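Data first, discussion second: the structure below is written as C-alpha cells.
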4 protein chains.
Amino acid sequence: MPYNPRKFYEFRCPVHGFVKLNDWERAIVDHACFQRLRRIRQLAFTEYVYPGATHTRFEHSLGVMHTASRVYEAVCERSQKLLEEELAYDEVGLNRDKQLVRLAALLHDVGHSPFSHASEDLFPMKGNGKRYAHEEYSTAIVRTKLKDVIENHPRNANYGFRADDVAALIEGAATARQALFWRDLISGQMDADRMDYLLRDSHHAGVQYGRFDLNRIISTVVAVREPEAGTLRLGISEGGAHAAERLVLARYEMFTQIYFHKTRVAFDLHLKGALQDILPGGLFPNPADELDQYLDWDDWKVLGELKQGKGGEHGERLKTRNHYREVYHTPESPELKDMERLAAVKNALGLLVASEQSAEKSWYKTGRPDILVESEADDDKVDFLSTHFPTIGSLRSNAQVILYAKPEDAGEARRRKKAMPPQVAKQLNLDMNTGA
Amino acid sequence: MPYNPRKFYEFRCPVHGFVKLNDWERAIVDHACFQRLRRIRQLAFTEYVYPGATHTRFEHSLGVMHTASRVYEAVCERSQKLLEEELAYDEVGLNRDKQLVRLAALLHDVGHSPFSHASEDLFPMKGNGKRYAHEEYSTAIVRTKLKDVIENHPRNANYGFRADDVAALIEGAATARQALFWRDLISGQMDADRMDYLLRDSHHAGVQYGRFDLNRIISTVVAVREPEAGTLRLGISEGGAHAAERLVLARYEMFTQIYFHKTRVAFDLHLKGALQDILPGGLFPNPADELDQYLDWDDWKVLGELKQGKGGEHGERLKTRNHYREVYHTPESPELKDMERLAAVKNALGLLVASEQSAEKSWYKTGRPDILVESEADDDKVDFLSTHFPTIGSLRSNAQVILYAKPEDAGEARRRKKAMPPQVAKQLNLDMNTGA
Amino acid sequence: MPYNPRKFYEFRCPVHGFVKLNDWERAIVDHACFQRLRRIRQLAFTEYVYPGATHTRFEHSLGVMHTASRVYEAVCERSQKLLEEELAYDEVGLNRDKQLVRLAALLHDVGHSPFSHASEDLFPMKGNGKRYAHEEYSTAIVRTKLKDVIENHPRNANYGFRADDVAALIEGAATARQALFWRDLISGQMDADRMDYLLRDSHHAGVQYGRFDLNRIISTVVAVREPEAGTLRLGISEGGAHAAERLVLARYEMFTQIYFHKTRVAFDLHLKGALQDILPGGLFPNPADELDQYLDWDDWKVLGELKQGKGGEHGERLKTRNHYREVYHTPESPELKDMERLAAVKNALGLLVASEQSAEKSWYKTGRPDILVESEADDDKVDFLSTHFPTIGSLRSNAQVILYAKPEDAGEARRRKKAMPPQVAKQLNLDMNTGA
Amino acid sequence: MPYNPRKFYEFRCPVHGFVKLNDWERAIVDHACFQRLRRIRQLAFTEYVYPGATHTRFEHSLGVMHTASRVYEAVCERSQKLLEEELAYDEVGLNRDKQLVRLAALLHDVGHSPFSHASEDLFPMKGNGKRYAHEEYSTAIVRTKLKDVIENHPRNANYGFRADDVAALIEGAATARQALFWRDLISGQMDADRMDYLLRDSHHAGVQYGRFDLNRIISTVVAVREPEAGTLRLGISEGGAHAAERLVLARYEMFTQIYFHKTRVAFDLHLKGALQDILPGGLFPNPADELDQYLDWDDWKVLGELKQGKGGEHGERLKTRNHYREVYHTPESPELKDMERLAAVKNALGLLVASEQSAEKSWYKTGRPDILVESEADDDKVDFLSTHFPTIGSLRSNAQVILYAKPEDAGEARRRKKAMPPQVAKQLNLDMNTGA
C-alpha cells in the first residue's frame, strides 16, 4: 500500500482540541509499549484529593508531542536566520529535525513505572551506586522494543533516523549541536512536557492554578545566544516575558496546591510502601536485561495485587483511603527558627511520627526557574527572567517538611504538640508582628 | 463533639467548581460502599477512543447531588405557591425534603457494577425472569450497608429519615405525593443525573457536544400541572424552552458521538465477554443475599484479573486494544430498505460477522425526550417540548445496527460487501437524490 | 526596506487565541476603511439585552480570515487529489488562492453600515428597483478605496492580484471555476463568517447556544462533487456530519435566543426609525458615487446625533431604553390557525399595534441549512445533511411574528387581548393535547 | 401591586452566568443614572490594542454586586460566631447589611466619567486644592438622584435605609463598626470590584493573565482580627492563601500586560488631550452643583464630538489611531542607574519627547498588596500574605517610565537614542551577567 504523505490521524484532546499524527507516529502509538501508557496514571492517587484527576500518561504524551511541534514551528518562523547561521540549518534540515523532536517528545515518558513518579524510589541501583531514572527506561525501550517500528517504517526512508537518535535527544546526550539546541524543548524550564502537564492537570483536577497563556508563549518563543557561553538556547522575547513569568508561577502554584498537597503526599508514601511488599525484592526490574518483566508492571497489575491484599499495611490504607494524617508542617520557605521548631516537635512526638516528607525530595520539585529573555530594545542583550522580575527572583525552592502520624495516633500527636512549651511559637508570632 | 450546622466540606469539581457537603453527607461519602465508586469508571473503556475520559462514578455522584440541590432550590423559589397548594408543603417541609433529595441523588448510583453500564448484562435473573437493574443494587445497599450511617447520624435527629425513605425515592416507589414530585429530579428527561453527566463527560473527553446552558435551565425550571392527569411535575417555563431543547439535543449528540461510537461499543462487548469468563458462573452476585460478594467487584479487581489473563479471548482483546472492527452500519434512523440491505449484507458475510450491536439495546438509550413547557402568555397552558419544536418532535430513537468482524476477518468482510450486487445501494442513492 | 516573508503580526482574539497577519494584510487592516470597522458594532443594541455583547465588526473580520484560512488548509490537505483533477490546481495555485481567500474573508464585511444589519433597510435603491446590499458597499470599497493597498503592496508582486479579483470572490461572480469553489467558504452554510460569529457572539454574550466543535469541522471538511450537477463544492465527510449538524443547530438556537429576541428586535426598529430622521433624505449615501459620504457614517457619528436628540421619537427611546413592548407573538413555526389567531389579535388591538415584526424578514435569517455529506463507506455517494438527520430535515425557517405596543399602551393592549373570545385559543390547546 | 419577596430578575453575564436582582435593585438599575453606565466603557480605548475589550461599566457593576454578595454569604457562613461576638450581629442584622452591601457594590462606580479612569485627570478641583475623585461623583449621585428610588421603594420598608447609608459605605466613612467591616469588600485588596474586573477584562480581551480561582477565594474567605489593632477585617484562611496569592499576582500581571500597555497608555493620553479641548474650560462639571451637566457626559457624547473634529490634535489621533510611539522605557522596577539612563535619553531626545508617562501615576496602580491570613494550625495567629510568600513580599509597585514621540518623530528619536554613548547600557549588561 503506497504511503500518502498527507494521511494523518487525530486524537481528541481536552487541552489542545485535536492532536494530529502521521502514519509513522500512529504505528508507534499503536505499539504495545506505548499503549501501556494508557495504564499508567499521570498523577497516581491524586484523584483521592482531586476526584477528577484520573488521567493517564497516554493522553499527556500525545499532548507533549503536539506542544513541542508548535513551539518548534514558532522558533523556526521567528529565528530562522539565527538557526541558519549558528546551526547551519536549511529548510530540509529543519523539517527533518522537527520529525525527530516529535518522536522524542512522544516517547520521553514511555518508560514510566506504574502511577508515574510515585514509585520511582523503587527503581534498582546501577553499578555506580545511583538509582536508575525513568528516562533510562524510556531510552532502553526506544533502543530495543521500538527500534523496529522507528527504523523500518516506510516513512523513515525520507529521514534515515536510528532509534539511537531519538534516545540520544531524550537523554540530552546528542553530540550534534543542532539536536542539542532542541533539548530545551524536551527538558528545560519551558519544555513541552511542563507546558502540557500544567494545562492538563489543571483541566482534569478543575483548578485555575496551572493555567498560563500557551498561545502567547508560542508567539514569542525564540532562539537566543546565552549571555556568557554564547551557545544557542531556547528563550523568550521581551514581549512574552510576562507570559513566561506566568508559566513559572503556574508551576510553583501547582506544586504547592496539588503535587505537594499534604494528603496527596501521604498516598504517595503508602503507594511506595505497598509496592515494596508487592515487587519481588521490593524493587522494579532493571532496564538493562529485565525490560520485558518491567514492562509487565502497570497500574492494572498493581491495582489487582492491592485488591488481593498483597500490599501490606500501606496497601490496606490505599484500598480504604485510610491515610496518614498531617500533624505538623513547616512554612514553605522555612527559616532557621522554623527548623528548630520542627526538631522540637519531632522530639515531643517521638514514635508517633509515622513519616516525615520533605518537598525538597519530591519528584515534582523543579530546578532553578530561569529562562533567557531577549530584549526587544537592543538585539544583543539577553538576560534572565529572574533578573527581570522580583516575583521570579524571589522564588525559593519549596522546602516544606510535613510530619505524619497514623490516623489512630493523630489525636494524641496533636495533643502533645499543643502541650509543648510555647516559647518558640510565641517568639515567632512576635517577630512577624514586628516585621509586618 | 457538638454538631455545627454550618460546618461543611468541599470537593473540587471540574464541572461545578466546588461541591459542598454537610457532615452527614460527608460521613456517607466516607463509607466504604461510597468510596468504592472511586474504583468504578463512569464510561468503561471510552478512554480507548477519547483518551481523557477516565473519570469515575465518585466524581459524578457528587455532581448529581450538587445539581439536584440547585434545581430543588430553583423550583422552590419559583413555584413555592404551587408546592404549597398542591403538595401542602411549608418551608420546614421543603427544607426537609431537600435533604432527602440530596441523599437520593448522592446514592442513586451507589450500586453500579464495575465499569458502570457496560457490565449490566451480567446481572443475575430475578424470580420473575427479569434481570436485576443497577438501581436495585443501589437500593439494597442503601437499605442494609448504609442504614446505620443514614439513620443514626446525629444530624438525622432533625429529620428522622429512614434508609427506606431514601431508597424509595431512588426507586420512584414513594407513596407520598410530595416525594414523588421530586422523582423527576432523580430520573426523568431533565434529571440531575443527566445534567451532570453530559457536562462531565464532555469536559473530560474534550468535546462540545454535551454542553448546554445549565444556568438557564436552573433559572427557568418550574413545577407545572401535567395537561391531562393534572399531577404536579417538573417542567420548564417558556423562556427556558430553548435551553431544554439544547439539553435534549446535547443528549442525542452525545449518544451518537460517544456513547454509541462504533469502537466504544466494541470494547463494551469485549468487556462483557471477558467478564463472562471472569465471574463465577458468568454472572454477578445478586443483591438479595450476596451483597458483600457483589461489593467486592470493582474495576481494580477486574483489571487485575484481566492482567492475569483470566478474561479469555475478549479479555486479551481489551488488554491489547485489538478490538472487533466495524464492517457495516445502517443509518441512525434506518428505513425498511435499510433493514433489507442489512439482511443482505449479513447473508453475504455469514460467519464473518463476529457481533451485531443495535443502538436500541444500548444501555445509554433514552426514552421519549418530552419535557413539559409552561406558556408565559397564558398561565393555564402547559404543553410538550416536542410539540414546541420540530427539532425535538422529529427526534427518533437511534436504531442504528452495526456489524463487526474480527480484525483478521475485516478485510475479507469488506471485500465481500463490495462484491455484493449493487442494486439496493444504487436504488437508495437515487431515492435520496430525488428527495433532496 | 526589504520584505521579510516570515514577518507577521498578531491580534489577540478571545475566540481563536491569536490571529496572525502578514505585512500585506496588516497594511490593509491599517487602512482607514478597515479601521472604521472598529466603530461598527457587530450586534447593534444587543447589549441592551445581553450586556456583554458590545463587540465590533473589526474583531469579527479578523476572525473570519483566520477561520477561512484554517478551513482552506484543511480542504487542501484532505482533498488535494480532487482539487488537482477537477480544478487543475497545483501547489503554487493553492497557495496563491489561499491568499486571495484570506483577503476576501477579511474584507467581505468592510462595507457594513453603522450597527451592522440593523440599518440596512435604509440603503438606497438601485436602478433596478432593488435596494443595495452591504456586500455591494464592500466590493465598491475594495475596488476603489483599497485598490492601491491591494494591488501595489510589494508582496503582491508574487501574486499579481487585482482588487477586482478580491471583489469578485466576495460577490460570488468570479468566472474562474477555481475561485468559485472557494465561494462556499465566504458565503454558504459552512462559511467562515458564520463559524466565527456564532462562537464570538456566544463568547461575549455569555451563552452556550452558539458553541459548536470548530476543531471537528476543520478536521472533516472536504471537497465533494454535488450529486446532480457534479460540480465541486465544500462538504463534510461522514465522520463530521454530527459536528455539521451541531453547527446548523447552533445557528438555529442563536437566532431564536439572541438575533430574534423580542427586545433586541424592538431596538432594531427604534434604530431604523431614528436613522430615518438622522440620515439626509432618510437613506444612506449610495456606493456608486457617494462612497466618501457613506464611509463617514459609523457608530460614533450616529451615537453623537442620538445624543443631540436628532433621532426623533425612536432615538429618544434608544437613549432611554424605553422600547416598544411585545404584546403578542405567534409560535416560531406558525400554522394556519396561528396566523388566523394573529389576524384576530391585530384586529382587536387596532391602532395599539405600534409595530409588527416577522422573523422571515429579519436580516439574520438563513437559507436552507443544507450541507453536502460524503459517505465514508462508499466514495461515490454524497447526500444532504437534511436527509441524514431528522433534526435538520425538520428545521423550518423561523416565521414567528411579534406584535409590539408602545410602553404606555402595553397594559391596554394586553387587556384587550385577554378579553378576546377564547375559542381559537382553546381549540389550539385541545389540538396540542390530542397530538401529544 | 403587592411585592413578591421571591420575585427576581436576571442578567446574562459572561463571567458569572447570571446575575440575579430583586425588584428594588432592578428599579435602581432601570434608573437613568445607572443606565448611563451602558454608555461608559470599562477600559477606554483598550480595544485599540485588544479588540475584544469593548465592555462597559454596566456589566461590571452588576458583576461586583454579585461577587460582593457571594463573599458576604461566605463570610457569614464561616465566621458567624466572630461576627456575633465582635460586631453584635444577629441573623436579622446580617441579612439587613447584606442588602446594604449589595447596593453599595452596585453603585460604587455610578459616578464614573466617560471612558472610566482615563478622563479622571479632568475632574475639577475642590476647595482644598485636591481634585474630585470618581467616588465623590458616585456618592453625590446616590445622595441626590437616586435618593428617591433607594429610600421610597416598597421593599425598603423592611430596612429603612437612607441613601446616606449607601453613600457612607462607598466612602468608607460609615461610623458604625459593623458596616465598616464590610468596607473591605467594596474597597480593599480582596474587594469584589477587583475580583470582578480581573475576570471580566480577561474574558473580553481574551487573555489568561487575570484569571484566578474565585471559587476557592469564596470558600476560604473569613473574618479575622488584625494582629495589632485587633479590629475585625476581611481575611483568608490558610487553605486559601495560595488562591489569594494568585489574585494578587493576577492583578499585577494585568497591570503590566493590559492596563499599562504602552500603546494603551498612549490612547489614554490622547483621550485626555482631546477632552481638554472638548470640555468647556477643559474640566468636567463638579459634583456639588453641576451634577446634571456632569451626567450628560458619556461615551456617546464624547464620540460624537470627536467625530465632529472637536478633539483637536489628540482627537484626530484617536479617530485615526495614529498614536504616539514608545521610543524608550525603563524596566518595571527601575534602579538608580536606570533612572540615570532615562535622564540621559531624555536629554538626547530633547523636544522629540512628546510625552512621558509613569506607571506610578497610573489610575490602575494598586496599593500594597497585603491580605490577612489566618493560620489553620493556631487560631490566634494572623499574619500577612506578604510574609507568607516571597512572591508577594517581593512585589514592588510598578514604576516603569515610558517616553513617547509623535509618529513622525519616532524614527529620528530612535536614531538619536542609538547614537548615544553606550557606556550606561554596557555597564548595565555586565552587571546583569555577573549577577546571574
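If you're wondering about the labels, chains in the C-alpha cells are A, B, ... by order shown, residues count from 1 in each chain, ligands from 1 in order shown.
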
Mind checking DSSP for region 199-322 of chain B and telling me the helix (DSSP H, G or I) residues as JSON, numbers by chain? {"B": [199, 200, 201, 202, 203, 204, 205, 214, 215, 216, 217, 218, 238, 239, 240, 241, 242, 243, 244, 245, 246, 247, 248, 249, 250, 251, 252, 253, 254, 255, 256, 257, 258, 259, 262, 263, 264, 265, 266, 267, 268, 269, 270, 271, 272, 273, 274, 275, 276, 277, 278, 280, 281, 282, 291, 292, 293, 294, 295, 296, 299, 300, 301, 302, 303, 304, 305, 306, 307, 312, 313, 314, 315, 316, 317, 318, 319, 320]}

What are the nearest atom pairs, with distances in Å to one decimal, for all residues of chain C that come at most 10 Å from chain D, using only C-alpha atoms, set out by chain and rising residue number as CSV?
residue,atom,partner,partner_atom,distance
C:Phe11,CA,D:Tyr50,CA,7.2
C:Arg12,CA,D:Tyr50,CA,5.9
C:Cys13,CA,D:Gly206,CA,5.8
C:Pro14,CA,D:Gly206,CA,3.7
C:Val15,CA,D:Gly206,CA,7.3
C:His16,CA,D:Gly206,CA,8.8
C:Gly17,CA,D:Gly206,CA,6.9
C:Phe18,CA,D:Gly206,CA,9.0
C:Asp30,CA,D:Arg321,CA,8.9
C:His31,CA,D:Thr320,CA,9.4
C:Ala32,CA,D:Thr320,CA,7.0
C:Gln35,CA,D:Thr320,CA,7.9
C:Arg36,CA,D:Thr320,CA,9.0
C:Arg38,CA,D:Pro51,CA,8.0
C:Arg39,CA,D:Lys319,CA,9.7
C:Arg41,CA,D:Thr54,CA,9.7
C:Glu47,CA,D:Arg38,CA,8.4
C:Tyr48,CA,D:Arg38,CA,8.1
C:Val49,CA,D:Phe11,CA,8.0
C:Tyr50,CA,D:Arg12,CA,5.9
C:Pro51,CA,D:Glu59,CA,5.7
C:Gly52,CA,D:His55,CA,6.2
C:Ala53,CA,D:His55,CA,7.7
C:Thr54,CA,D:Thr54,CA,5.9
C:His55,CA,D:Thr54,CA,5.9
C:Thr56,CA,D:Gly52,CA,7.8
C:Arg57,CA,D:Pro51,CA,9.8
C:Phe58,CA,D:Pro51,CA,7.4
C:Glu59,CA,D:Pro51,CA,5.7
C:His60,CA,D:Gly52,CA,9.3
C:Leu62,CA,D:Pro51,CA,9.8
C:Arg200,CA,D:Gly52,CA,9.5
C:Ser202,CA,D:Pro14,CA,8.8
C:His203,CA,D:Pro14,CA,7.1
C:His204,CA,D:Pro14,CA,6.5
C:Ala205,CA,D:Pro14,CA,6.1
C:Gly206,CA,D:Pro14,CA,3.7
C:Val207,CA,D:Pro14,CA,7.2
C:Gln208,CA,D:Pro14,CA,10.0
C:Asp296,CA,D:Lys307,CA,9.0
C:Trp297,CA,D:Lys307,CA,9.7
C:Asp298,CA,D:Lys307,CA,9.2
C:Asp299,CA,D:Leu303,CA,8.8
C:Trp300,CA,D:Leu303,CA,5.2
C:Lys301,CA,D:Gly304,CA,5.5
C:Val302,CA,D:Gly304,CA,7.6
C:Leu303,CA,D:Trp300,CA,5.2
C:Gly304,CA,D:Gly304,CA,3.5
C:Glu305,CA,D:Gly304,CA,6.9
C:Leu306,CA,D:Trp300,CA,8.2
C:Lys307,CA,D:Lys301,CA,6.0
C:Gln308,CA,D:Lys301,CA,8.0
C:Lys319,CA,D:Arg36,CA,9.2
C:Thr320,CA,D:Ala32,CA,7.1
C:Arg321,CA,D:Gln35,CA,8.2
C:Asn322,CA,D:Asp30,CA,10.0

Shell of 7 Å around region 285-287 of chain D, only C-alpha atoms, local chain residues under 2 positions omitted, as a ChimeraX atom specification: /D:124,137,140,283,289-291,293-294

Among listed residues C:Gln257, C:Asp165, C:Glu171, C:Gly111, nearest Arg216 (chain B) (using only C-alpha atoms):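 Looking at the shortest contact to Arg216 (chain B), the residue is C:Gln257.
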
Near-Glu313 (chain A) list (12 Å; only C-alpha atoms; drop same-chain fewer than 6 positions) as JSON, numbers by chain: {"A": [269, 270, 271, 272, 273, 274, 275, 276, 277, 278, 306, 319, 320, 321, 322, 323, 324, 406]}

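Taking CA of Val265 (chain A) and CA of Phe45 (chain A) as endpoints, the distance between them is 9.2 Å.
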
As JSON, numbers by chain, please: every residue in region 146-298 of chain D that a backbone DSSP assignment puts in strand (DSSP E or B). {"D": [221, 222, 223, 224, 225, 232, 233, 234, 235, 236, 237]}

Could you write those residues out with N, CA, C and O atoms, as a PDB file, in the first residue's frame?
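The file below, out-v4.pdb, is the result:
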ATOM      1  N   VAL D 221     -12.643  32.583  52.443  1.00  0.00           N
ATOM      2  CA  VAL D 221     -12.632  33.937  52.980  1.00  0.00           C
ATOM      3  C   VAL D 221     -13.236  33.917  54.391  1.00  0.00           C
ATOM      4  O   VAL D 221     -14.184  33.184  54.664  1.00  0.00           O
ATOM      5  N   VAL D 222     -12.646  34.676  55.302  1.00  0.00           N
ATOM      6  CA  VAL D 222     -13.096  34.690  56.700  1.00  0.00           C
ATOM      7  C   VAL D 222     -12.962  36.094  57.296  1.00  0.00           C
ATOM      8  O   VAL D 222     -12.319  36.959  56.721  1.00  0.00           O
ATOM      9  N   ALA D 223     -13.585  36.256  58.440  1.00  0.00           N
ATOM     10  CA  ALA D 223     -13.322  37.455  59.227  1.00  0.00           C
ATOM     11  C   ALA D 223     -12.162  37.141  60.167  1.00  0.00           C
ATOM     12  O   ALA D 223     -12.119  36.068  60.768  1.00  0.00           O
ATOM     13  N   VAL D 224     -11.200  38.054  60.273  1.00  0.00           N
ATOM     14  CA  VAL D 224     -10.049  37.837  61.167  1.00  0.00           C
ATOM     15  C   VAL D 224      -9.790  39.099  61.977  1.00  0.00           C
ATOM     16  O   VAL D 224     -10.205  40.198  61.603  1.00  0.00           O
ATOM     17  N   ARG D 225      -9.095  38.908  63.086  1.00  0.00           N
ATOM     18  CA  ARG D 225      -8.687  40.069  63.899  1.00  0.00           C
ATOM     19  C   ARG D 225      -7.326  40.553  63.422  1.00  0.00           C
ATOM     20  O   ARG D 225      -6.374  39.782  63.349  1.00  0.00           O
ATOM     21  N   LEU D 232     -11.741  43.844  63.459  1.00  0.00           N
ATOM     22  CA  LEU D 232     -12.131  42.755  62.564  1.00  0.00           C
ATOM     23  C   LEU D 232     -11.937  43.185  61.112  1.00  0.00           C
ATOM     24  O   LEU D 232     -12.346  44.275  60.718  1.00  0.00           O
ATOM     25  N   ARG D 233     -11.309  42.324  60.329  1.00  0.00           N
ATOM     26  CA  ARG D 233     -11.087  42.615  58.905  1.00  0.00           C
ATOM     27  C   ARG D 233     -11.393  41.396  58.061  1.00  0.00           C
ATOM     28  O   ARG D 233     -11.448  40.272  58.560  1.00  0.00           O
ATOM     29  N   LEU D 234     -11.529  41.636  56.803  1.00  0.00           N
ATOM     30  CA  LEU D 234     -11.687  40.540  55.865  1.00  0.00           C
ATOM     31  C   LEU D 234     -10.323  39.880  55.653  1.00  0.00           C
ATOM     32  O   LEU D 234      -9.330  40.567  55.439  1.00  0.00           O
ATOM     33  N   GLY D 235     -10.278  38.574  55.730  1.00  0.00           N
ATOM     34  CA  GLY D 235      -9.020  37.867  55.509  1.00  0.00           C
ATOM     35  C   GLY D 235      -9.278  36.538  54.837  1.00  0.00           C
ATOM     36  O   GLY D 235     -10.394  36.252  54.397  1.00  0.00           O
ATOM     37  N   ILE D 236      -8.237  35.739  54.805  1.00  0.00           N
ATOM     38  CA  ILE D 236      -8.348  34.447  54.124  1.00  0.00           C
ATOM     39  C   ILE D 236      -7.776  33.391  55.074  1.00  0.00           C
ATOM     40  O   ILE D 236      -6.812  33.645  55.782  1.00  0.00           O
ATOM     41  N   SER D 237      -8.399  32.213  55.087  1.00  0.00           N
ATOM     42  CA  SER D 237      -7.821  31.166  55.920  1.00  0.00           C
ATOM     43  C   SER D 237      -6.647  30.532  55.173  1.00  0.00           C
ATOM     44  O   SER D 237      -6.554  30.625  53.947  1.00  0.00           O
TER      45      SER D 237
END
